[in-house]
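*Asks:* See model.txt below, with compact mmCIF, C-alpha atoms.
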```
# COMPACT_ATOMS: atom_id res chain seq x y z
CA MET A 93 -65.39 4.18 -53.03
CA THR A 94 -63.92 3.43 -56.44
CA SER A 95 -65.68 3.45 -59.80
CA ARG A 96 -64.56 3.12 -63.37
CA THR A 97 -64.76 5.43 -66.32
CA PRO A 98 -66.29 4.31 -69.64
CA SER A 99 -62.74 3.56 -70.84
CA GLY A 100 -62.21 1.13 -68.00
CA ARG A 101 -59.77 3.28 -66.02
CA PRO A 102 -60.37 3.59 -62.27
CA ALA A 103 -62.02 6.89 -61.44
CA ALA A 104 -60.69 9.06 -58.65
CA ARG A 105 -61.72 8.04 -55.16
CA HIS A 106 -64.01 10.32 -53.20
CA GLY A 107 -64.00 9.12 -49.62
CA TRP A 108 -63.44 10.76 -46.25
CA ALA A 109 -59.82 11.69 -46.91
CA GLN A 110 -60.78 13.58 -50.07
CA ALA A 111 -63.68 15.27 -48.26
CA LEU A 112 -61.35 16.33 -45.43
CA ALA A 113 -58.86 17.75 -47.94
CA THR A 114 -61.66 19.72 -49.63
CA VAL A 115 -62.99 21.20 -46.38
CA LEU A 116 -59.55 21.99 -44.95
CA GLY A 117 -58.46 23.54 -48.24
CA ALA A 118 -61.49 25.82 -48.23
CA LEU A 119 -61.03 26.83 -44.59
CA ILE A 120 -57.33 27.59 -45.05
CA ALA A 121 -57.94 29.61 -48.21
CA MET A 122 -60.78 31.59 -46.63
CA GLY A 123 -58.78 32.17 -43.46
CA VAL A 124 -55.75 33.42 -45.38
CA VAL A 125 -57.83 35.82 -47.47
CA ALA A 126 -59.76 37.08 -44.43
CA ALA A 127 -56.61 37.52 -42.32
CA SER A 128 -54.80 39.33 -45.14
CA GLY A 129 -57.71 41.69 -45.71
CA LEU A 130 -58.08 42.43 -42.01
CA TRP A 131 -54.33 42.99 -41.72
CA ALA A 132 -54.47 45.49 -44.59
CA ALA A 133 -57.40 47.18 -42.82
CA GLY A 134 -55.35 47.55 -39.62
CA ALA A 135 -57.24 45.00 -37.54
CA THR A 136 -54.04 43.52 -36.12
CA GLY A 137 -53.99 46.45 -33.70
CA LEU A 138 -57.24 45.44 -32.01
CA PRO A 139 -56.90 45.15 -28.22
CA GLY A 140 -56.89 41.94 -26.27
CA GLY A 141 -55.21 39.84 -28.94
CA SER A 142 -58.57 39.42 -30.64
CA PHE A 143 -57.30 39.19 -34.22
CA PRO A 144 -57.85 35.39 -34.52
CA GLN A 145 -61.42 35.75 -33.23
CA VAL A 146 -62.11 38.55 -35.71
CA VAL A 147 -60.77 36.34 -38.54
CA ALA A 148 -63.08 33.54 -37.39
CA ALA A 149 -66.03 35.95 -37.32
CA THR A 150 -65.16 37.15 -40.82
CA VAL A 151 -65.18 33.60 -42.17
CA VAL A 152 -68.46 32.94 -40.35
CA THR A 153 -70.12 35.93 -42.01
CA ALA A 154 -68.62 34.90 -45.35
CA VAL A 155 -70.74 31.74 -45.35
CA GLY A 156 -73.86 33.63 -44.31
CA GLY A 157 -73.50 33.12 -40.58
CA SER A 158 -74.84 35.51 -37.98
CA VAL A 159 -72.57 37.62 -35.75
CA GLU A 160 -74.24 39.64 -33.01
CA LEU A 161 -72.91 42.78 -31.36
CA SER A 162 -73.52 43.06 -27.63
CA GLY A 163 -72.76 45.44 -24.82
CA ASP A 164 -72.99 45.79 -21.07
CA ALA A 165 -72.73 49.26 -19.59
CA GLY A 166 -74.60 48.81 -16.32
CA ASP A 167 -77.95 50.16 -15.18
CA LEU A 168 -77.15 53.79 -15.99
CA ALA A 169 -76.02 53.23 -19.57
CA GLY A 170 -77.34 51.57 -22.66
CA THR A 171 -75.88 49.91 -25.74
CA GLU A 172 -77.35 48.63 -28.97
CA GLY A 173 -75.86 47.11 -32.07
CA GLY A 174 -76.28 44.84 -35.05
CA LEU A 175 -74.22 43.70 -38.01
CA THR A 176 -75.17 42.18 -41.35
CA VAL A 177 -72.46 42.11 -44.00
CA ILE A 178 -70.91 39.40 -46.16
CA PRO A 179 -67.23 39.73 -47.17
CA LEU A 180 -67.72 38.27 -50.61
CA SER A 181 -64.02 38.01 -51.45
CA VAL A 182 -63.76 35.42 -48.69
CA THR A 183 -67.03 33.82 -49.78
CA LEU A 184 -65.95 33.52 -53.40
CA THR A 185 -62.60 32.02 -52.41
CA GLY A 186 -64.26 29.31 -50.34
CA ALA A 187 -66.85 28.57 -53.01
CA LEU A 188 -64.19 28.12 -55.71
CA VAL A 189 -62.07 25.81 -53.55
CA ILE A 190 -65.01 23.68 -52.40
CA GLY A 191 -66.50 23.53 -55.88
CA ARG A 192 -63.24 22.34 -57.38
CA GLY A 193 -62.68 19.81 -54.61
CA PHE A 194 -66.21 18.47 -55.04
CA LEU A 195 -65.92 18.09 -58.82
CA ARG A 196 -62.36 16.79 -59.04
CA PRO A 197 -63.08 13.12 -58.16
CA LEU A 198 -66.01 13.12 -60.60
CA ARG A 199 -64.06 14.03 -63.71
CA HIS A 200 -63.76 11.57 -66.62
CA ARG A 201 -67.28 10.37 -65.91
CA ALA A 202 -70.34 10.39 -68.13
CA VAL A 203 -73.07 9.53 -65.62
CA ALA A 204 -73.09 9.28 -61.83
CA GLY A 205 -75.87 7.76 -59.78
CA ALA A 206 -77.82 9.90 -57.36
CA PRO A 207 -76.75 7.78 -54.32
CA GLU A 208 -73.10 8.21 -55.27
CA LEU A 209 -73.39 12.01 -55.58
CA ALA A 210 -75.44 12.23 -52.38
CA GLY A 211 -72.88 10.15 -50.46
CA TRP A 212 -69.97 12.26 -51.67
CA ALA A 213 -71.81 15.47 -50.82
CA ALA A 214 -72.79 14.10 -47.39
CA ARG A 215 -69.15 13.42 -46.48
CA ILE A 216 -68.21 17.00 -47.28
CA ALA A 217 -71.30 18.31 -45.45
CA ALA A 218 -70.55 16.34 -42.27
CA LEU A 219 -67.01 17.71 -42.04
CA TRP A 220 -68.16 21.19 -43.05
CA LEU A 221 -70.73 21.16 -40.23
CA LEU A 222 -67.97 20.47 -37.69
CA ALA A 223 -65.79 23.20 -39.21
CA VAL A 224 -68.53 25.83 -39.13
CA LEU A 225 -69.47 24.84 -35.59
CA GLY A 226 -65.86 25.32 -34.51
CA LEU A 227 -65.62 28.69 -36.22
CA ALA A 228 -68.88 29.85 -34.66
CA LEU A 229 -67.67 28.92 -31.17
CA ALA A 230 -64.35 30.69 -31.77
CA ALA A 231 -65.89 33.89 -33.16
CA ARG A 232 -66.45 35.77 -29.90
CA HIS A 233 -64.63 38.47 -27.95
CA THR A 234 -65.33 41.40 -25.63
CA TYR A 235 -63.68 44.81 -25.34
CA GLU A 236 -63.77 47.43 -22.61
CA LEU A 237 -64.46 50.92 -23.96
CA SER A 238 -62.83 54.08 -22.67
CA LEU A 239 -65.28 56.97 -22.35
CA GLY A 240 -62.52 59.55 -22.80
CA ASP A 241 -61.93 62.83 -20.99
CA GLY A 242 -65.18 64.64 -21.87
CA PRO A 243 -68.59 64.67 -20.16
CA LEU A 244 -69.12 60.97 -20.82
CA GLY A 245 -65.81 60.17 -19.12
CA ASP A 246 -66.70 62.29 -16.11
CA LEU A 247 -70.07 60.55 -15.79
CA GLY A 248 -68.40 57.17 -16.14
CA ASP A 249 -65.91 57.95 -13.37
CA LEU A 250 -68.67 59.36 -11.14
CA PHE A 251 -70.92 56.31 -11.40
CA GLY A 252 -68.22 53.68 -11.93
CA ILE A 253 -69.39 52.83 -15.43
CA ARG A 254 -67.08 50.65 -17.52
CA PRO A 255 -68.83 49.87 -20.81
CA VAL A 256 -68.03 46.49 -22.33
CA VAL A 257 -68.87 45.63 -25.93
CA GLY A 258 -68.24 42.52 -27.90
CA PHE A 259 -69.31 40.20 -30.65
CA SER A 260 -70.28 36.56 -30.84
CA ALA A 261 -71.61 34.22 -33.49
CA ASP A 262 -75.17 32.99 -33.09
CA VAL A 263 -74.31 29.30 -33.30
CA PRO A 264 -77.53 27.51 -34.39
CA PRO A 265 -78.39 29.90 -37.28
CA THR A 266 -74.74 29.99 -38.32
CA VAL A 267 -74.51 26.20 -38.59
CA LEU A 268 -77.82 25.96 -40.44
CA ILE A 269 -77.04 28.75 -42.90
CA GLY A 270 -73.51 27.42 -43.34
CA LEU A 271 -74.94 24.06 -44.44
CA LEU A 272 -77.38 25.77 -46.80
CA TRP A 273 -74.48 27.80 -48.23
CA LEU A 274 -72.52 24.59 -48.83
CA ALA A 275 -75.53 22.97 -50.51
CA GLY A 276 -75.85 25.99 -52.79
CA VAL A 277 -72.16 25.84 -53.70
CA LEU A 278 -72.36 22.13 -54.57
CA VAL A 279 -75.50 22.59 -56.68
CA VAL A 280 -73.96 25.51 -58.56
CA ALA A 281 -70.75 23.52 -59.09
CA LEU A 282 -72.71 20.67 -60.68
CA SER A 283 -74.76 23.14 -62.72
CA VAL A 284 -71.84 25.03 -64.23
CA SER A 285 -69.39 22.19 -64.83
CA ARG A 286 -69.35 20.98 -68.40
CA GLY A 287 -67.79 17.62 -67.58
CA ALA A 288 -69.27 16.72 -64.18
CA PRO A 289 -71.62 13.72 -64.38
CA LEU A 290 -75.31 13.95 -63.57
CA PRO A 291 -77.78 11.24 -62.61
CA ALA A 292 -79.59 9.81 -65.62
CA GLY A 293 -82.84 11.52 -64.66
CA LEU A 294 -81.20 14.97 -64.74
CA LEU A 295 -79.31 14.65 -68.03
CA ARG A 296 -81.86 16.90 -69.75
CA LEU A 297 -80.45 19.76 -67.66
CA GLN A 298 -77.19 19.32 -69.57
CA THR A 299 -78.56 21.35 -72.48
CA SER A 300 -81.06 23.65 -70.78
CA VAL A 301 -79.67 24.74 -67.41
CA ARG A 302 -75.91 24.32 -67.69
CA PRO A 303 -75.27 26.85 -70.51
CA ALA A 304 -77.17 29.56 -68.64
CA ALA A 305 -75.58 28.71 -65.28
CA ARG A 306 -72.07 28.74 -66.76
CA ALA A 307 -72.80 32.04 -68.49
CA MET A 308 -73.86 33.73 -65.25
CA VAL A 309 -70.82 32.46 -63.35
CA ARG A 310 -68.60 33.78 -66.14
CA LEU A 311 -70.40 37.12 -65.94
CA LEU A 312 -69.84 37.41 -62.19
CA LEU A 313 -66.19 36.38 -62.44
CA ALA A 314 -65.59 38.78 -65.33
CA ALA A 315 -67.01 41.64 -63.26
CA VAL A 316 -64.66 40.70 -60.40
CA VAL A 317 -61.64 40.59 -62.74
CA ILE A 318 -62.48 44.03 -64.15
CA GLY A 319 -62.91 45.33 -60.61
CA LEU A 320 -59.54 43.88 -59.65
CA VAL A 321 -57.79 45.61 -62.55
CA VAL A 322 -59.42 48.93 -61.66
CA ALA A 323 -58.51 48.52 -57.98
CA LEU A 324 -54.87 47.76 -58.78
CA VAL A 325 -54.67 50.83 -61.02
CA VAL A 326 -56.19 52.95 -58.24
CA ALA A 327 -53.73 51.53 -55.71
CA ALA A 328 -50.81 52.33 -58.01
CA THR A 329 -51.87 55.83 -59.03
CA ARG A 330 -53.93 57.37 -56.22
CA GLY A 331 -52.21 56.15 -53.09
CA HIS A 332 -53.78 54.44 -50.05
CA PRO A 333 -52.62 50.96 -51.17
CA ALA A 334 -53.38 49.30 -47.81
CA GLU A 335 -56.95 50.57 -47.87
CA THR A 336 -57.40 49.43 -51.47
CA PHE A 337 -55.99 45.97 -50.77
CA ALA A 338 -58.32 45.64 -47.78
CA VAL A 339 -61.25 46.24 -50.14
CA ILE A 340 -59.82 43.74 -52.65
CA LEU A 341 -59.31 40.99 -50.08
CA LEU A 342 -62.57 41.49 -48.21
CA GLY A 343 -65.14 43.09 -50.49
CA LEU A 344 -64.06 43.15 -54.13
CA PRO A 345 -67.11 41.18 -55.37
CA ASN A 346 -69.31 43.41 -53.20
CA VAL A 347 -68.08 46.45 -55.12
CA ALA A 348 -67.91 44.81 -58.56
CA TRP A 349 -71.38 43.27 -58.40
CA LEU A 350 -72.89 46.42 -56.91
CA ALA A 351 -71.38 48.36 -59.83
CA LEU A 352 -72.82 45.82 -62.27
CA THR A 353 -76.37 46.35 -60.96
CA ILE A 354 -75.92 50.14 -61.01
CA GLY A 355 -74.74 49.80 -64.61
CA LEU A 356 -78.03 48.05 -65.35
CA GLY A 357 -79.85 51.06 -63.90
CA ALA A 358 -80.67 49.71 -60.44
CA THR A 359 -80.95 51.98 -57.41
CA TRP A 360 -79.76 51.20 -53.91
CA ASP A 361 -80.73 53.07 -50.74
CA GLY A 362 -78.04 53.76 -48.19
CA ARG A 363 -76.69 55.92 -45.44
CA VAL A 364 -73.37 56.29 -43.64
CA GLU A 365 -73.04 58.13 -40.34
CA GLY A 366 -70.58 58.27 -37.48
CA PRO A 367 -67.05 56.89 -37.49
CA PHE A 368 -68.03 53.85 -39.53
CA GLY A 369 -67.62 53.74 -43.27
CA LEU A 370 -68.31 51.51 -46.23
CA PRO A 371 -65.54 49.03 -47.11
CA MET A 372 -65.81 50.40 -50.64
CA PRO A 373 -64.45 53.22 -52.84
CA ARG A 374 -64.56 56.66 -51.25
CA VAL A 375 -67.10 57.99 -53.75
CA LEU A 376 -69.75 55.61 -52.40
CA ASP A 377 -69.09 56.79 -48.86
CA GLU A 378 -69.35 60.40 -50.03
CA VAL A 379 -72.67 59.83 -51.82
CA LEU A 380 -74.22 58.13 -48.80
CA ARG A 381 -72.84 60.29 -45.96
CA THR A 382 -75.95 62.47 -45.76
CA PRO A 383 -78.43 63.38 -43.00
CA ASP A 384 -81.00 60.92 -44.35
CA VAL A 385 -81.16 57.78 -46.48
CA SER A 386 -79.89 58.56 -49.97
CA ALA A 387 -80.33 56.96 -53.38
CA LEU A 388 -77.22 55.34 -54.83
CA ASN A 389 -77.53 55.07 -58.59
CA LEU A 390 -75.81 56.12 -61.79
CA GLY A 391 -77.05 59.70 -61.53
CA ALA A 392 -75.82 60.13 -57.96
CA LEU A 393 -72.39 58.72 -58.80
CA THR A 394 -71.91 60.87 -61.89
CA GLU A 395 -72.68 64.00 -59.88
CA HIS A 396 -69.45 63.29 -58.00
CA ASP A 397 -67.41 61.89 -60.88
CA ARG A 398 -68.60 61.82 -64.49
CA THR A 399 -66.33 58.89 -65.35
CA TRP A 400 -68.93 56.59 -63.78
CA TRP A 401 -70.90 56.86 -67.03
CA TRP A 402 -68.81 53.95 -68.32
CA LEU A 403 -70.73 51.53 -66.07
CA PRO A 404 -73.67 50.98 -68.49
CA VAL A 405 -71.24 50.52 -71.39
CA VAL A 406 -69.25 47.88 -69.53
CA ALA A 407 -72.47 46.17 -68.40
CA ALA A 408 -73.80 46.06 -71.96
CA VAL A 409 -70.56 44.62 -73.38
CA LEU A 410 -70.37 41.98 -70.65
CA LEU A 411 -73.99 40.94 -71.10
CA VAL A 412 -73.84 40.68 -74.89
CA ALA A 413 -70.61 38.68 -74.70
CA THR A 414 -72.13 36.43 -72.03
CA ALA A 415 -75.28 35.89 -74.08
CA SER A 416 -73.26 35.10 -77.20
CA VAL A 417 -71.20 32.45 -75.43
CA MET A 418 -74.34 31.02 -73.84
CA ALA A 419 -76.03 30.75 -77.25
CA ALA A 420 -72.94 29.21 -78.84
CA ARG A 421 -72.83 26.49 -76.16
CA SER A 422 -76.56 25.72 -76.40
CA PRO A 423 -78.07 23.12 -78.78
CA ALA A 424 -78.54 24.31 -82.35
CA GLY A 425 -82.30 23.83 -82.22
CA VAL A 426 -82.87 26.49 -79.57
CA ARG A 427 -84.49 29.57 -81.07
CA ALA A 428 -83.40 33.16 -80.52
CA TRP A 429 -86.43 34.04 -78.40
CA GLN A 430 -85.77 31.01 -76.20
CA HIS A 431 -82.20 32.21 -75.65
CA ALA A 432 -83.59 35.61 -74.71
CA VAL A 433 -86.01 34.15 -72.17
CA ARG A 434 -83.35 31.92 -70.62
CA MET A 435 -80.91 34.82 -70.44
CA ALA A 436 -83.56 37.02 -68.81
CA VAL A 437 -84.44 34.43 -66.17
CA ALA A 438 -80.78 33.62 -65.45
CA LEU A 439 -79.84 37.31 -65.17
CA ALA A 440 -82.80 38.05 -62.88
CA LEU A 441 -81.78 35.20 -60.56
CA THR A 442 -78.19 36.46 -60.60
CA VAL A 443 -79.26 40.01 -59.73
CA LEU A 444 -81.46 38.60 -56.95
CA MET A 445 -78.41 36.83 -55.53
CA ILE A 446 -76.42 40.07 -55.71
CA CYS A 447 -79.16 42.02 -53.96
CA LEU A 448 -79.34 39.48 -51.15
CA THR A 449 -75.59 39.22 -50.56
CA VAL A 450 -74.29 42.77 -51.14
CA ARG A 451 -76.67 44.52 -48.72
CA ILE A 452 -75.12 45.94 -45.55
CA SER A 453 -76.59 46.83 -42.18
CA ALA A 454 -74.42 47.90 -39.24
CA ARG A 455 -75.48 49.85 -36.16
CA PHE A 456 -73.85 50.54 -32.83
CA GLY A 457 -74.84 53.05 -30.18
CA LEU A 458 -73.76 53.89 -26.62
CA SER A 459 -75.45 56.29 -24.23
CA VAL A 460 -74.78 57.23 -20.60
CA LEU A 461 -77.74 58.78 -18.76
CA GLY A 462 -79.18 59.54 -22.18
CA ILE A 463 -76.02 61.40 -23.25
CA GLY A 464 -73.83 60.29 -26.08
CA ASP A 465 -76.26 58.31 -28.19
CA LEU A 466 -75.00 60.13 -31.23
CA GLY A 467 -71.63 61.10 -29.87
CA GLU A 468 -68.72 60.85 -32.26
CA GLY A 469 -66.73 57.68 -31.68
CA PHE A 470 -69.54 55.95 -29.77
CA SER A 471 -72.32 55.58 -32.33
CA GLY A 472 -72.58 54.95 -36.02
CA ARG A 473 -74.63 53.35 -38.75
CA VAL A 474 -74.04 51.93 -42.20
CA LEU A 475 -76.97 50.94 -44.40
CA LEU A 476 -77.07 49.68 -47.97
CA ARG A 477 -80.12 47.94 -49.41
CA PRO A 478 -81.46 47.46 -52.95
CA ARG A 479 -84.73 48.54 -54.46
CA LEU A 480 -85.31 44.92 -55.27
CA TRP A 481 -88.25 44.87 -57.65
CA GLY A 482 -86.84 47.64 -59.81
CA ALA A 483 -83.50 45.81 -60.04
CA LEU A 484 -85.21 42.53 -61.02
CA GLY A 485 -87.36 44.24 -63.63
CA LEU A 486 -84.34 45.89 -65.21
CA ALA A 487 -82.50 42.55 -65.19
CA LEU A 488 -85.35 40.92 -67.09
CA LEU A 489 -85.34 43.68 -69.72
CA TRP A 490 -81.57 43.61 -70.12
CA GLY A 491 -81.63 39.82 -70.28
CA LEU A 492 -84.26 39.74 -73.02
CA ALA A 493 -82.46 42.37 -75.13
CA THR A 494 -78.93 41.04 -74.75
CA GLY A 495 -80.06 37.41 -74.94
CA PHE A 496 -81.70 38.02 -78.32
CA ALA A 497 -78.69 40.00 -79.57
CA GLY A 498 -76.31 37.32 -78.33
CA ALA A 499 -78.26 34.61 -80.12
CA LEU A 500 -78.10 36.53 -83.39
CA LEU A 501 -74.36 37.11 -82.98
CA ALA A 502 -73.75 33.44 -82.23
CA ARG A 503 -75.58 32.46 -85.44
CA ALA A 504 -73.83 35.00 -87.65
CA PRO A 505 -71.63 33.42 -90.38
CA ARG A 506 -68.04 33.17 -89.27
CA LEU A 507 -64.99 33.54 -91.48
CA ARG A 508 -62.42 30.84 -91.92
CA PRO A 509 -59.02 32.05 -90.71
CA GLY A 510 -57.03 33.48 -93.60
CA THR A 511 -59.71 32.98 -96.26
CA GLY A 512 -62.23 35.78 -95.87
CA THR A 513 -65.08 33.39 -96.73
CA PRO A 514 -67.87 32.16 -94.49
CA ARG A 515 -67.51 28.64 -93.20
```
Would you mind giving the structure from this file in C-alpha cells?

*Replies:*
Amino acid sequence: MTSRTPSGRPAARHGWAQALATVLGALIAMGVVAASGLWAAGATGLPGGSFPQVVAATVVTAVGGSVELSGDAGDLAGTEGGLTVIPLSVTLTGALVIGRGFLRPLRHRAVAGAPELAGWAARIAALWLLAVLGLALAARHTYELSLGDGPLGDLGDLFGIRPVVGFSADVPPTVLIGLLWLAGVLVVALSVSRGAPLPAGLLRLQTSVRPAARAMVRLLLAAVVIGLVVALVVAATRGHPAETFAVILLGLPNVAWLALTIGLGATWDGRVEGPFGLPMPRVLDEVLRTPDVSALNLGALTEHDRTWWWLPVVAAVLLVATASVMAARSPAGVRAWQHAVRMAVALALTVLMICLTVRISARFGLSVLGIGDLGEGFSGRVLLRPRLWGALGLALLWGLATGFAGALLARAPRLRPGTGTPR
C-alpha cells in the first residue's frame, strides 16, 4: 500500500513486510531485555535447561498474559500456587518498539483514513497474535523438587513421594490479553504522537487529548529515567550490582512508578514471607516482611530511611513541569481551570494504570501429610496491592493543583535571550 504526502512524495509503505519487522523487532527487544534481567538474577542456573522457557514466560507476563503454577505430589501431598506480576521493563521495551514501528510509515502525513489505519493495525495484530500464541505454547516447564534430609525427606522416601512443580501459560487468556495489550499500545502511540495522522473525524482530539497524553507519557518516562540514575548510583556505591541490574532490566518501571504514587501520598498493602522476595530495593522487602499485611507508604519508608522524604518533592517538581509543558502545547484559548481539569483526569488515569500493572501476587505452598505447609524453602508469599480509591483521589487533587500552577507558569511572560525584557 502506497500513498502520497501533501507535497507529492510517496509515503512510506506499510504492508506485511513492515508489520513483520515491527513484530519481530519487538519480540527480539523484549526477549533480550528479559533474558539479560533473568541472567543477572541468576536464572541461568535453573535445572533442566529451562532458561528459554522462563524467558518466554517472562515475555508472556510482560504483555499481561497469564502464567499458572502447578504441582503434583501424589495422594499424600498437596501443592498450591499462583503468580501475578508484570515485568514492566520488558513491557515498556516492547511498547516503545511497537509504537515506533507502527508510527514510522505514517510520518509526513496530515490525515489518514480510518480504513488505512485499521488495515495497518490489523496486519500487526495478525502477526502479533501468532507470536503471542507461540510464546504461550513455549512458556511451560516442570521441575522435580528434593524434599531434603529432614522430616519431609524421610516421609518422601517412606511413601515414595517425588513432588513435581512447574509453570505453564494459560493460552486462551494470554492470546486475548496480548491482543488487548497491543491495541492499547497502538492507541497510545496515536494519542501521544504529534505528527501521526488521524482520521478526519478525530482531528479534534489533536488539541484536546494529545497534549495530555503526551504529558503523561513524558511523566512516566521521566520517572523511569530518574529511577535508572538512582539505580546506577546504588550499583556503583553499595555493591550487589547483579541484583541491581536484575531490577533495572526486569522491574525498573515497577519501582519508579510505585515510588511516584507513594510520593503522591498513596498507600499500598503488602506482605513478604518465606524464601521469596520483592524484585525491588531491599527497603521495600524489609518494610513488608512482617507477620501480617503491612502498609507501604511514605511514613513506613521514612521509618527505615529518612532520605525517602525526597519522594514528594520529586513528584511535585515532575508534575508541575509536566503540567507546564502540557499547557504550553495546548491551544491558547484553553483556560487555566480547563488545564487543571485535564491534568487531573489524565493523572488519575495514569495512576489507575500504575495501580493495575504494578500489583504483585505470588503464592506457592507444599505439604506432605499436612507437614511443611509453611516450611522454609517450600512455601512463600509475596503480595503488593494498592488502596485504589485513595490513590485516585490523591491523583485528582495533585492534578488540579499542579495543572493550575502549570498553566500559570506557561502563561508567564518570558524574557528574550540576552535582553532582559519580556517578549

*Asks:* For Ala213 of chain A, find every residue with an atom within 10 Å (counting all atoms listed in the file), except residues of its own chain fewer than 3 positions away, and show them as a ChimeraX atom specification.

*Replies:* /A:106,111,194,207-210,216-218,274-275,278-279

*Asks:* Tell me which of A:Val385, A:Leu198, A:Thr359, A:Val375 sits closest to Leu480 of chain A, counting all atoms listed in the file.

*Replies:*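 Using all atoms listed in the file, Leu480 of chain A sits closest to A:Thr359.
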
*Asks:* Please indicate the distance in Å from atom CA of Asp397 of chain A to atom CA of Arg381 of chain A, rounded to one decimal place.

*Replies:*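 Interatomic distance, atom CA of Asp397 of chain A to atom CA of Arg381 of chain A: 16.0 Å.
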
*Asks:* Give the answer as one residue: which of A:Ile178, A:Val316, A:Val433, A:Ala214 has the shortest atom-to-atom distance to Trp108 of chain A, using only C-alpha atoms?

*Replies:*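 Ranked by minimum distance to Trp108 of chain A, first place goes to A:Ala214.
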
*Asks:* Between A:Leu441, A:Thr382, A:Ala415, A:Trp400, which has the minimum distance to Thr494 of chain A (counting only C-alpha atoms)?

*Replies:*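 Under the stated criterion, the closest residue is A:Ala415.
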
*Asks:* Considering all atoms listed in the file, return as number ranges by chain whatever protein or nucleic-acid residues lie within 10 Å of Val224 of chain A, sequence-local ones (same chain, fewer than 4 positions apart) excluded.

*Replies:* A: 119, 148, 151-152, 155, 157, 219-220, 228-230, 263, 266-271

*Asks:* Using only C-alpha atoms, which residues sit within 7 Å of Ser158 of chain A once same-chain residues fewer than 2 positions away are excluded, as an MDAnalysis selection string?

*Replies:* chainID A and resid 153 156 160 261:262 265:266

*Asks:* Mind giving me the straight-line distance from atom CA of Trp481 of chain A to atom CA of Val364 of chain A in Å, one decimal?

*Replies:*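 So the answer is 23.4 Å.
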
*Asks:* What are the closest atom pairs, with distances in Å to one decimal, for each residue of segment 267-348 of chain A lying within 7 Å of segment 123-143 of chain A, using all atoms listed in the file, rows by chain and rising residue number, as CSV?

*Replies:*
```
residue,atom,partner,partner_atom,distance
A:Ala334,CA,A:Ala132,CA,5.1
A:Glu335,CA,A:Ala133,CA,6.1
A:Phe337,CA,A:Ala132,CA,6.4
A:Ala338,CA,A:Gly129,CA,4.5
A:Leu341,CA,A:Gly129,CA,4.7
A:Leu342,CA,A:Gly129,CA,5.5
```

*Asks:* Could you save the residues just selected, with C-alpha atoms, as an mmCIF file, in the coordinates of the input?

*Replies:*
```
data_model
loop_
_atom_site.group_PDB
_atom_site.id
_atom_site.type_symbol
_atom_site.label_atom_id
_atom_site.label_comp_id
_atom_site.auth_asym_id
_atom_site.auth_seq_id
_atom_site.Cartn_x
_atom_site.Cartn_y
_atom_site.Cartn_z
ATOM 1 C CA ALA A 334 -53.380 49.300 -47.810
ATOM 2 C CA GLU A 335 -56.950 50.570 -47.870
ATOM 3 C CA PHE A 337 -55.990 45.970 -50.770
ATOM 4 C CA ALA A 338 -58.320 45.640 -47.780
ATOM 5 C CA LEU A 341 -59.310 40.990 -50.080
ATOM 6 C CA LEU A 342 -62.570 41.490 -48.210
#
```

*Asks:* Which residue gives the smallest distance to Arg199 of chain A among A:Leu290, A:Ala154, A:Ala187, A:Ala419, with all atoms listed in the file counted?

*Replies:* A:Leu290

*Asks:* Around the point (-74.1, 47.3, -43.5), in the coordinates given by the file, pick out the residues reaching within 7 Å, counting all atoms listed in the file, and return them as an MDAnalysis selection string.

*Replies:* chainID A and resid 175:177 451:454 474:476

*Asks:* Quick one: distance from atom CA of Asp384 of chain A to atom CA of Leu180 of chain A in Å, one decimal?

*Replies:*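 If I compute the distance from atom CA of Asp384 of chain A to atom CA of Leu180 of chain A, I get 27.0 Å.
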
*Asks:* Which residue, A:Leu410, A:Ala113, A:Ala438, A:Leu184, has the smallest gap to Pro197 of chain A when you use all atoms listed in the file?

*Replies:*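 Closest to Pro197 of chain A, using all atoms listed in the file: A:Ala113.
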
*Asks:* If we count only C-alpha atoms, what is near Thr336 of chain A at a cut-off of 8 Å, once residues fewer than 2 positions away on the same chain are taken out, given as number ranges by chain?

*Replies:* A: 323-324, 326-327, 332-334, 338-340

*Asks:* List as a ChimeraX atom specification the residues having at least one atom at most 10 Å from position (-68.9, 23.3, -57.1) as given in the file, counting all atoms listed in the file.

*Replies:* /A:187-196,274-285,288

*Asks:* Can you spit out the residues from that selection as a PDB file, in the coordinates of the input, using C-alpha atoms?

*Replies:*
```
ATOM      1  CA  ALA A 187     -66.850  28.570 -53.010  1.00  0.00           C
ATOM      2  CA  LEU A 188     -64.190  28.120 -55.710  1.00  0.00           C
ATOM      3  CA  VAL A 189     -62.070  25.810 -53.550  1.00  0.00           C
ATOM      4  CA  ILE A 190     -65.010  23.680 -52.400  1.00  0.00           C
ATOM      5  CA  GLY A 191     -66.500  23.530 -55.880  1.00  0.00           C
ATOM      6  CA  ARG A 192     -63.240  22.340 -57.380  1.00  0.00           C
ATOM      7  CA  GLY A 193     -62.680  19.810 -54.610  1.00  0.00           C
ATOM      8  CA  PHE A 194     -66.210  18.470 -55.040  1.00  0.00           C
ATOM      9  CA  LEU A 195     -65.920  18.090 -58.820  1.00  0.00           C
ATOM     10  CA  ARG A 196     -62.360  16.790 -59.040  1.00  0.00           C
ATOM     11  CA  LEU A 274     -72.520  24.590 -48.830  1.00  0.00           C
ATOM     12  CA  ALA A 275     -75.530  22.970 -50.510  1.00  0.00           C
ATOM     13  CA  GLY A 276     -75.850  25.990 -52.790  1.00  0.00           C
ATOM     14  CA  VAL A 277     -72.160  25.840 -53.700  1.00  0.00           C
ATOM     15  CA  LEU A 278     -72.360  22.130 -54.570  1.00  0.00           C
ATOM     16  CA  VAL A 279     -75.500  22.590 -56.680  1.00  0.00           C
ATOM     17  CA  VAL A 280     -73.960  25.510 -58.560  1.00  0.00           C
ATOM     18  CA  ALA A 281     -70.750  23.520 -59.090  1.00  0.00           C
ATOM     19  CA  LEU A 282     -72.710  20.670 -60.680  1.00  0.00           C
ATOM     20  CA  SER A 283     -74.760  23.140 -62.720  1.00  0.00           C
ATOM     21  CA  VAL A 284     -71.840  25.030 -64.230  1.00  0.00           C
ATOM     22  CA  SER A 285     -69.390  22.190 -64.830  1.00  0.00           C
ATOM     23  CA  ALA A 288     -69.270  16.720 -64.180  1.00  0.00           C
TER      24      ALA A 288
END
```

*Asks:* From the set A:Pro383, A:Gly482, A:Pro303, A:Gly331, which residue has the shortest atom-to-atom contact distance to Glu365 of chain A, counting only C-alpha atoms?

*Replies:*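 Among the listed residues, A:Pro383 lies closest to Glu365 of chain A.
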